>>> print(open('data_8.cif').read())   # mmCIF, C-alpha atoms, pLDDT in the B column; chains and numbers go by the auth columns
data_target
#
loop_
_atom_site.group_PDB
_atom_site.id
_atom_site.type_symbol
_atom_site.label_atom_id
_atom_site.label_comp_id
_atom_site.label_asym_id
_atom_site.label_seq_id
_atom_site.Cartn_x
_atom_site.Cartn_y
_atom_site.Cartn_z
_atom_site.B_iso_or_equiv
_atom_site.auth_seq_id
_atom_site.auth_asym_id
ATOM 1 C CA HIS A 1 16.397 -29.813 -9.280 41.00 267 A
ATOM 2 C CA ILE A 2 18.477 -26.697 -8.612 42.00 268 A
ATOM 3 C CA PRO A 3 22.088 -26.957 -9.773 39.00 269 A
ATOM 4 C CA ARG A 4 24.419 -26.885 -6.782 42.00 270 A
ATOM 5 C CA THR A 5 26.728 -24.454 -8.593 42.00 271 A
ATOM 6 C CA ALA A 6 24.080 -21.736 -9.015 44.00 272 A
ATOM 7 C CA CYS A 7 25.130 -18.751 -6.909 49.00 273 A
ATOM 8 C CA ALA A 8 23.892 -15.211 -6.478 49.00 274 A
ATOM 9 C CA ARG A 9 25.160 -12.364 -4.356 49.00 275 A
ATOM 10 C CA ILE A 10 22.248 -10.819 -2.475 49.00 276 A
ATOM 11 C CA GLY A 11 24.165 -8.420 -0.234 48.00 277 A
ATOM 12 C CA VAL A 12 23.086 -9.757 3.162 43.00 278 A
ATOM 13 C CA THR A 13 24.465 -12.278 5.609 44.00 279 A
ATOM 14 C CA ALA A 14 22.703 -15.561 6.285 43.00 280 A
ATOM 15 C CA ALA A 15 22.138 -14.498 9.888 45.00 281 A
ATOM 16 C CA ARG A 16 19.961 -11.617 8.686 53.00 282 A
ATOM 17 C CA ALA A 17 17.985 -13.338 5.920 56.00 283 A
ATOM 18 C CA SER A 18 16.142 -16.618 5.459 60.00 284 A
ATOM 19 C CA LEU A 19 16.342 -18.563 2.207 61.00 285 A
ATOM 20 C CA TRP A 20 13.957 -21.183 0.809 62.00 286 A
ATOM 21 C CA LEU A 21 14.856 -23.175 -2.271 62.00 287 A
ATOM 22 C CA SER A 22 12.553 -25.084 -4.575 63.00 288 A
ATOM 23 C CA GLU A 23 13.069 -26.480 -8.029 60.00 289 A
ATOM 24 C CA THR A 24 11.848 -23.274 -9.660 60.00 290 A
ATOM 25 C CA SER A 25 12.370 -20.483 -7.159 60.00 291 A
ATOM 26 C CA ILE A 26 14.496 -18.961 -4.443 62.00 292 A
ATOM 27 C CA ARG A 27 12.629 -17.053 -1.741 64.00 293 A
ATOM 28 C CA VAL A 28 14.516 -14.546 0.411 63.00 294 A
ATOM 29 C CA ARG A 29 12.948 -13.129 3.587 62.00 295 A
ATOM 30 C CA MET A 30 14.579 -10.014 4.989 58.00 296 A
ATOM 31 C CA PRO A 31 14.067 -8.774 8.535 56.00 297 A
ATOM 32 C CA ALA A 32 11.764 -5.758 8.945 53.00 298 A
ATOM 33 C CA GLY A 33 13.538 -2.679 7.657 49.00 299 A
ATOM 34 C CA GLY A 34 15.671 -4.927 5.392 43.00 300 A
ATOM 35 C CA ASP A 35 19.213 -4.266 4.253 40.00 301 A
ATOM 36 C CA GLN A 36 19.724 -3.711 0.555 39.00 302 A
ATOM 37 C CA LEU A 37 16.274 -4.847 -0.583 38.00 303 A
ATOM 38 C CA ALA A 38 13.344 -2.480 -0.296 40.00 304 A
ATOM 39 C CA VAL A 39 10.930 -5.231 0.738 43.00 305 A
ATOM 40 C CA PRO A 40 11.089 -8.131 3.190 47.00 306 A
ATOM 41 C CA VAL A 41 10.313 -10.925 0.721 54.00 307 A
ATOM 42 C CA VAL A 42 11.680 -11.439 -2.752 56.00 308 A
ATOM 43 C CA THR A 43 10.890 -14.483 -4.858 58.00 309 A
ATOM 44 C CA ILE A 44 13.187 -15.242 -7.760 59.00 310 A
ATOM 45 C CA ALA A 45 11.461 -17.719 -10.069 59.00 311 A
ATOM 46 C CA ARG A 46 13.096 -19.344 -13.050 58.00 312 A
ATOM 47 C CA GLU A 47 11.928 -21.790 -15.641 63.00 313 A
ATOM 48 C CA VAL A 48 14.617 -23.891 -17.274 65.00 314 A
ATOM 49 C CA GLY A 49 16.190 -21.806 -20.042 68.00 315 A
ATOM 50 C CA ALA A 50 14.289 -18.637 -19.110 67.00 316 A
ATOM 51 C CA ALA A 51 15.497 -15.443 -17.463 66.00 317 A
ATOM 52 C CA PRO A 52 14.763 -15.090 -13.719 61.00 318 A
ATOM 53 C CA GLN A 53 11.525 -13.302 -12.808 61.00 319 A
ATOM 54 C CA PHE A 54 11.492 -11.230 -9.611 59.00 320 A
ATOM 55 C CA GLN A 55 8.375 -10.844 -7.487 60.00 321 A
ATOM 56 C CA TYR A 56 8.425 -8.453 -4.546 63.00 322 A
ATOM 57 C CA ASP A 57 5.920 -8.867 -1.734 71.00 323 A
ATOM 58 C CA PRO A 58 4.699 -5.523 -0.366 81.00 324 A
ATOM 59 C CA ILE A 59 5.150 -4.448 3.254 86.00 325 A
ATOM 60 C CA CYS A 60 1.792 -3.293 4.566 91.00 326 A
ATOM 61 C CA GLY A 61 2.164 -0.193 6.736 93.00 327 A
ATOM 62 C CA ASP A 62 5.391 1.164 5.235 92.00 328 A
ATOM 63 C CA GLY A 63 3.655 4.024 3.395 94.00 329 A
ATOM 64 C CA LYS A 64 4.482 2.661 -0.074 90.00 330 A
ATOM 65 C CA ARG A 65 1.499 1.218 -1.981 91.00 331 A
ATOM 66 C CA TRP A 66 2.219 -1.401 -4.577 85.00 332 A
ATOM 67 C CA GLY A 67 1.505 -4.998 -5.472 82.00 333 A
ATOM 68 C CA ARG A 68 -1.664 -6.386 -3.907 85.00 334 A
ATOM 69 C CA GLU A 69 -2.169 -3.450 -1.509 92.00 335 A
ATOM 70 C CA GLN A 70 -5.399 -1.467 -1.988 95.00 336 A
ATOM 71 C CA CYS A 71 -3.922 1.301 0.189 96.00 337 A
ATOM 72 C CA ASP A 72 -0.927 1.975 2.441 96.00 338 A
ATOM 73 C CA ASP A 73 -1.151 4.968 4.741 96.00 339 A
ATOM 74 C CA GLY A 74 2.088 4.299 6.608 95.00 340 A
ATOM 75 C CA ASN A 75 0.662 2.547 9.684 95.00 341 A
ATOM 76 C CA LYS A 76 -1.080 -0.678 10.697 93.00 342 A
ATOM 77 C CA GLN A 77 -4.087 0.878 12.436 94.00 343 A
ATOM 78 C CA ASN A 78 -7.670 -0.017 11.639 96.00 344 A
ATOM 79 C CA GLY A 79 -10.334 2.690 11.595 95.00 345 A
ATOM 80 C CA ASP A 80 -8.340 5.357 9.722 96.00 346 A
ATOM 81 C CA GLY A 81 -9.373 4.354 6.211 96.00 347 A
ATOM 82 C CA CYS A 82 -6.709 1.731 5.502 97.00 348 A
ATOM 83 C CA THR A 83 -6.715 -1.488 7.552 97.00 349 A
ATOM 84 C CA ALA A 84 -3.735 -3.223 9.132 95.00 350 A
ATOM 85 C CA ASN A 85 -3.850 -5.511 6.061 94.00 351 A
ATOM 86 C CA CYS A 86 -3.801 -2.572 3.605 95.00 352 A
ATOM 87 C CA ILE A 87 -7.427 -2.890 2.517 96.00 353 A
ATOM 88 C CA THR A 88 -9.477 0.296 2.038 97.00 354 A
ATOM 89 C CA GLU A 89 -12.191 0.563 4.693 97.00 355 A
ATOM 90 C CA VAL A 90 -15.783 1.489 3.817 95.00 356 A
ATOM 91 C CA PRO A 91 -16.751 4.377 3.471 93.00 357 A
ATOM 92 C CA TYR A 92 -13.219 5.738 2.947 95.00 358 A
ATOM 93 C CA THR A 93 -11.416 6.578 -0.289 94.00 359 A
ATOM 94 C CA CYS A 94 -7.616 6.327 -0.195 95.00 360 A
ATOM 95 C CA LEU A 95 -5.613 8.227 -2.813 94.00 361 A
ATOM 96 C CA GLY A 96 -2.111 9.394 -3.628 92.00 362 A
ATOM 97 C CA GLY A 97 -0.192 6.313 -2.615 92.00 363 A
ATOM 98 C CA ASN A 98 2.555 4.866 -4.774 90.00 364 A
ATOM 99 C CA GLY A 99 5.991 3.306 -4.372 85.00 365 A
ATOM 100 C CA THR A 100 7.343 6.423 -2.641 88.00 366 A
ATOM 101 C CA HIS A 101 4.342 8.194 -1.041 91.00 367 A
ATOM 102 C CA PRO A 102 1.679 6.991 1.406 96.00 368 A
ATOM 103 C CA ASP A 103 -2.035 7.106 0.705 96.00 369 A
ATOM 104 C CA ARG A 104 -4.239 9.736 2.287 94.00 370 A
ATOM 105 C CA CYS A 105 -7.613 8.341 3.263 95.00 371 A
ATOM 106 C CA THR A 106 -10.735 10.468 3.492 93.00 372 A
ATOM 107 C CA ARG A 107 -14.449 9.968 4.023 95.00 373 A
ATOM 108 C CA CYS A 108 -17.450 12.221 3.728 95.00 374 A
ATOM 109 C CA GLY A 109 -17.810 14.313 6.864 94.00 375 A
ATOM 110 C CA ASP A 110 -14.180 14.370 7.988 94.00 376 A
ATOM 111 C CA GLY A 111 -13.625 17.935 6.726 92.00 377 A
ATOM 112 C CA PHE A 112 -11.038 17.009 4.085 89.00 378 A
ATOM 113 C CA LYS A 113 -11.865 17.218 0.385 87.00 379 A
ATOM 114 C CA ILE A 114 -9.182 15.429 -1.579 84.00 380 A
ATOM 115 C CA GLY A 115 -9.155 15.688 -5.372 83.00 381 A
ATOM 116 C CA GLY A 116 -10.302 12.456 -6.977 86.00 382 A
ATOM 117 C CA SER A 117 -12.299 11.327 -3.920 87.00 383 A
ATOM 118 C CA GLY A 118 -15.634 12.216 -5.547 90.00 384 A
ATOM 119 C CA GLU A 119 -16.524 14.754 -2.852 92.00 385 A
ATOM 120 C CA GLN A 120 -17.755 18.135 -4.059 92.00 386 A
ATOM 121 C CA CYS A 121 -17.615 19.540 -0.522 92.00 387 A
ATOM 122 C CA ASP A 122 -16.909 18.404 3.048 92.00 388 A
ATOM 123 C CA ASP A 123 -18.113 20.503 5.953 92.00 389 A
ATOM 124 C CA PHE A 124 -17.127 18.237 8.880 93.00 390 A
ATOM 125 C CA ASN A 125 -20.550 16.553 9.074 94.00 391 A
ATOM 126 C CA THR A 126 -22.947 14.340 7.163 94.00 392 A
ATOM 127 C CA VAL A 127 -26.065 16.488 7.699 95.00 393 A
ATOM 128 C CA SER A 128 -28.044 17.582 4.663 96.00 394 A
ATOM 129 C CA GLY A 129 -29.614 21.038 4.434 95.00 395 A
ATOM 130 C CA ASP A 130 -26.525 23.053 5.350 94.00 396 A
ATOM 131 C CA GLY A 131 -25.146 23.398 1.818 94.00 397 A
ATOM 132 C CA CYS A 132 -23.092 20.238 1.749 94.00 398 A
ATOM 133 C CA SER A 133 -25.254 17.100 1.677 96.00 399 A
ATOM 134 C CA SER A 134 -24.851 13.904 3.692 95.00 400 A
ATOM 135 C CA SER A 135 -23.058 12.445 0.649 94.00 401 A
ATOM 136 C CA CYS A 136 -20.730 15.469 0.306 94.00 402 A
ATOM 137 C CA THR A 137 -22.343 17.007 -2.763 94.00 403 A
ATOM 138 C CA VAL A 138 -23.168 20.713 -3.024 94.00 404 A
ATOM 139 C CA GLU A 139 -26.882 21.193 -2.444 95.00 405 A
ATOM 140 C CA PRO A 140 -29.078 23.248 -4.803 95.00 406 A
ATOM 141 C CA THR A 141 -28.970 27.039 -4.242 94.00 407 A
ATOM 142 C CA PHE A 142 -25.705 26.738 -2.231 94.00 408 A
ATOM 143 C CA VAL A 143 -22.116 27.552 -3.129 91.00 409 A
ATOM 144 C CA CYS A 144 -19.364 26.012 -1.044 85.00 410 A
ATOM 145 C CA ASN A 145 -16.037 27.710 -0.356 76.00 411 A
ATOM 146 C CA PRO A 146 -13.269 25.201 -1.117 65.00 412 A
ATOM 147 C CA HIS A 147 -11.075 26.646 1.653 53.00 413 A
ATOM 148 C CA PRO A 148 -13.252 27.672 4.603 48.00 414 A
ATOM 149 C CA ALA A 149 -11.813 30.300 6.931 41.00 415 A
#
>>> encode(input="data_8.cif", output="structure tokens")
Amino acid sequence: HIPRTACARIGVTAARASLWLSETSIRVRMPAGGDQLAVPVVTIAREVGAAPQFQYDPICGDGKRWGREQCDDGNKQNGDGCTANCITEVPYTCLGGNGTHPDRCTRCGDGFKIGGSGEQCDDFNTVSGDGCSSSCTVEPTFVCNPHPA
């Protein structure tokens, strides 16, 4: 059981946060946009005699990829490469996201060649025979300008 004298200052009022207590953890849910915590859910788990372990649940759509998120492009729209549940959509590649920057999602044929995406070229289509193949690789006997005019 949790000792009744265990206290922690979390910097929010009870009206703005929800608390759940179990024998081994305290779970705090902040409203969207939270106060002093960067995420809406924090779980503080503790085994008897061990230091507390903090687990932060990510906020999908906030433009900060971390935790279980495959991507986070800063919105909750499907069809742009990163779903409303922060899962990368096929055939997109989402790159650049971290705890402070959103991902940028790209797919072959969208006209954007992002380093690390695997594309050698992207000419706004997925038609082979024009220098940039349907899989966004440079075709034999062609040279692609990385910054078309």
>>> closest_residue(input="data_8.cif", among="A:Asp369, A:Asp396, A:Glu405, A:Asp388", to="Trp332 of chain A", atoms="only C-alpha atoms")
A:Asp369
>>> atom_distance(input="data_8.cif", atom1="atom CA of Cys337 of chain A", atom2="atom CA of Val404 of chain A")
27.5 Å
>>> resolve_selection(input="data_8.cif", expression="the PyMOL selection byres ((chain A and resi 371) around 8)", output="list in words")
Asp339, Asp346, Gly347, Cys348, Tyr358, Thr359, Cys360, Leu361, Asp369, Arg370, Thr372 and Arg373 of chain A
>>> resolve_selection(input="data_8.cif", expression="the PyMOL selection byres ((chain A and resi 366) around 9)", output="list in words")
Gly329, Lys330, Arg331, Gly363, Asn364, Gly365, His367 and Pro368 of chain A
>>> resolve_selection(input="data_8.cif", expression="the PyMOL selection byres ((chain A and resi 353) around 9)", output="list in words")
Glu335, Gln336, Cys337, Asp338, Gly347, Cys348, Thr349, Ala350, Asn351, Cys352, Thr354 and Glu355 of chain A
>>> atom_distance(input="data_8.cif", atom1="atom CA of Asn391 of chain A", atom2="atom CA of Asp376 of chain A")
6.8 Å
>>> atom_distance(input="data_8.cif", atom1="atom CA of Val393 of chain A", atom2="atom CA of Cys410 of chain A")
14.6 Å
>>> residues_around(input="data_8.cif", residues="Ser401 of chain A", least_positions_apart="3", cutoff="8 Å", atoms="only C-alpha atoms", output="PDB file with C-alpha atoms, in the frame of the given file")
ATOM      1  CA  CYS A 374     -17.450  12.221   3.728  1.00 95.00           C
ATOM      2  CA  GLU A 385     -16.524  14.754  -2.852  1.00 92.00           C
ATOM      3  CA  THR A 392     -22.947  14.340   7.163  1.00 94.00           C
ATOM      4  CA  CYS A 398     -23.092  20.238   1.749  1.00 94.00           C
TER       5      CYS A 398
END
>>> build_atoms(input="data_8.cif", residues="segment 325-343 of chain A", atoms="N, CA, C and O atoms", output="compact mmCIF listing (two decimals), in the frame of the given file")
# COMPACT_ATOMS: atom_id res chain seq x y z
N ILE A 325 5.16 -4.55 1.80
CA ILE A 325 5.15 -4.45 3.25
C ILE A 325 3.99 -3.54 3.63
O ILE A 325 4.05 -2.34 3.42
N CYS A 326 2.94 -4.10 4.16
CA CYS A 326 1.79 -3.29 4.57
C CYS A 326 2.20 -2.41 5.75
O CYS A 326 2.80 -2.88 6.72
N GLY A 327 1.88 -1.12 5.65
CA GLY A 327 2.16 -0.19 6.74
C GLY A 327 3.43 0.61 6.56
O GLY A 327 3.76 1.44 7.40
N ASP A 328 4.15 0.41 5.44
CA ASP A 328 5.39 1.16 5.24
C ASP A 328 5.19 2.47 4.48
O ASP A 328 6.13 3.21 4.25
N GLY A 329 3.93 2.77 4.10
CA GLY A 329 3.66 4.02 3.40
C GLY A 329 3.99 4.00 1.92
O GLY A 329 4.07 5.04 1.28
N LYS A 330 4.17 2.81 1.35
CA LYS A 330 4.48 2.66 -0.07
C LYS A 330 3.51 1.64 -0.65
O LYS A 330 3.64 0.45 -0.41
N ARG A 331 2.51 2.12 -1.43
CA ARG A 331 1.50 1.22 -1.98
C ARG A 331 1.97 0.61 -3.29
O ARG A 331 2.33 1.32 -4.22
N TRP A 332 1.92 -0.70 -3.34
CA TRP A 332 2.22 -1.40 -4.58
C TRP A 332 1.82 -2.86 -4.43
O TRP A 332 1.43 -3.29 -3.35
N GLY A 333 1.89 -3.59 -5.51
CA GLY A 333 1.50 -5.00 -5.47
C GLY A 333 0.03 -5.17 -5.18
O GLY A 333 -0.82 -4.50 -5.73
N ARG A 334 -0.28 -6.05 -4.25
CA ARG A 334 -1.66 -6.39 -3.91
C ARG A 334 -2.32 -5.39 -2.95
O ARG A 334 -3.48 -5.54 -2.62
N GLU A 335 -1.61 -4.40 -2.47
CA GLU A 335 -2.17 -3.45 -1.51
C GLU A 335 -3.22 -2.56 -2.17
O GLU A 335 -2.97 -1.98 -3.21
N GLN A 336 -4.39 -2.42 -1.53
CA GLN A 336 -5.40 -1.47 -1.99
C GLN A 336 -5.03 -0.07 -1.52
O GLN A 336 -5.39 0.92 -2.15
N CYS A 337 -4.33 0.03 -0.39
CA CYS A 337 -3.92 1.30 0.19
C CYS A 337 -2.74 1.03 1.10
O CYS A 337 -2.50 -0.11 1.49
N ASP A 338 -1.98 2.06 1.42
CA ASP A 338 -0.93 1.98 2.44
C ASP A 338 -0.71 3.38 2.96
O ASP A 338 -0.14 4.23 2.28
N ASP A 339 -1.21 3.63 4.16
CA ASP A 339 -1.15 4.97 4.74
C ASP A 339 0.01 5.14 5.72
O ASP A 339 0.09 6.14 6.41
N GLY A 340 0.89 4.17 5.78
CA GLY A 340 2.09 4.30 6.61
C GLY A 340 1.93 3.81 8.04
O GLY A 340 2.81 4.02 8.86
N ASN A 341 0.82 3.13 8.34
CA ASN A 341 0.66 2.55 9.68
C ASN A 341 -0.17 1.28 9.57
O ASN A 341 -0.66 0.93 8.50
N LYS A 342 -0.30 0.56 10.67
CA LYS A 342 -1.08 -0.68 10.70
C LYS A 342 -2.26 -0.54 11.65
O LYS A 342 -2.54 -1.42 12.43
N GLN A 343 -2.94 0.62 11.58
CA GLN A 343 -4.09 0.88 12.44
C GLN A 343 -5.38 0.73 11.65
O GLN A 343 -5.49 1.27 10.54
